[in-house]
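Written out below as structure tokens is the structure these notes cover.
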Amino acid sequence: MPRYGELKCLADGLVDSFMSRNNDSEGYWALGLLYSRALELKTKTITLTLLGGEFMAGERLSEALRTKYGALLLERMSLRGVPHHWIERAILTLNFEHREATTYTPIAPPGEPFLIQLRVQSIFAKTLLVEREGYCWPHSPSHESRRACFRLANEQT
């Protein structure tokens with residue numbers, strides 16, 4: 001029988017995956033793309049409702065990431081034997097240009113500090129909160145290269 005603690009483990013893994021350099025959209029780092037979008041919207045916060053509730057329709061990048069990570073959360077829950085109905089809502093929030101990140105301070109930070117939060121509201125009247133801090137720069141094709149496997153797939157079509 002799964003335990004409530006499994007949800008914490010799943011949430012931790014999901015946040016780590018989301019902020020990873022392997023989280024890309026069309027071959028570019030998704031966090032950089034989201035940061036650029038936040039700058040275009042003149043906001044510092046982007047919110048993605050992964051499960052339950054409403055989401056920002058019409059935003060192709062947001063919809064793609066919401067779908068990808070909502071499905072990933074459900075898949076991982078299934079693998080661990082956690083019933084899907086245990087989660088009422090899962091909301092991921094990115095706060096760009098956050099105060100100085102404390103968990104990792106390199107000599108030359110690669111971009112601006114950000115905070116990522118995942119709130120998982122369960123049927124147990126508890127809300128899990130997982131937070132991570134890091135550094136990110138806005139998307140710039142001149143600053144970053146597209147993932148090689150994405151380039152190769154497009155060249156073959």
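Identifiers in this document derive from the order of the structure tokens: chains are assigned A, B, ..., residues are numbered from 1 separately in each chain, and ligands are numbered from 1 in order of occurrence.
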Quick one: everything within 7 Å of segment 39-52 of chain A, counting only C-alpha atoms, minus sequence neighbours fewer than 6 positions away in the same chain. Send it as a VMD selection string.
chain A and resid 62 66 to 67 69 to 70 88 to 97
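For Arg21 of chain A, the residues within 10 Å (counting only C-alpha atoms, excluding itself and residues fewer than 4 positions away along the chain) are A:Asp16, A:Ser17, A:Tyr28, A:Trp29, A:Ala30, A:Leu31, A:Gly32.
Closest approach to Asn23 of chain A among A:Ala64, A:Cys9, A:Leu79, A:Leu74 is made by A:Ala64 (distances from only C-alpha atoms).
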Please return as an NGL selection string: the residues of segment 12-130 of chain A that backbone DSSP assigns to alpha helix (DSSP H).
:A and (12-18 or 30-40 or 60-79)
Choose the residue, out of A:Ser122, A:Gly111, A:Ala71, A:Gly5, that has the smallest atom-to-atom separation from Ile87 of chain A; count only C-alpha atoms.
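For Ile87 of chain A, the nearest of the given residues is A:Ser122.
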Quote the spacing between atom CA of His98 of chain A and atom CA of His139 of chain A in Å to one decimal place.
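Value for the atom CA of His98 of chain A-atom CA of His139 of chain A distance: 17.3 Å.
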Between atom CA of Trp137 of chain A and atom CA of Glu112 of chain A, distance in Å (one decimal)
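For atom CA of Trp137 of chain A relative to atom CA of Glu112 of chain A, the distance reads 6.0 Å.
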Among listed residues A:Gly27, A:Pro110, A:Gly13, A:Pro83, nearest Arg132 of chain A (using only C-alpha atoms):
A:Gly13
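Remark: for Val130 of chain A, the closest of the candidate residues A:Ser78, A:Asp12, A:Glu63, A:Phe18 is A:Asp12 (distances computed over only C-alpha atoms).
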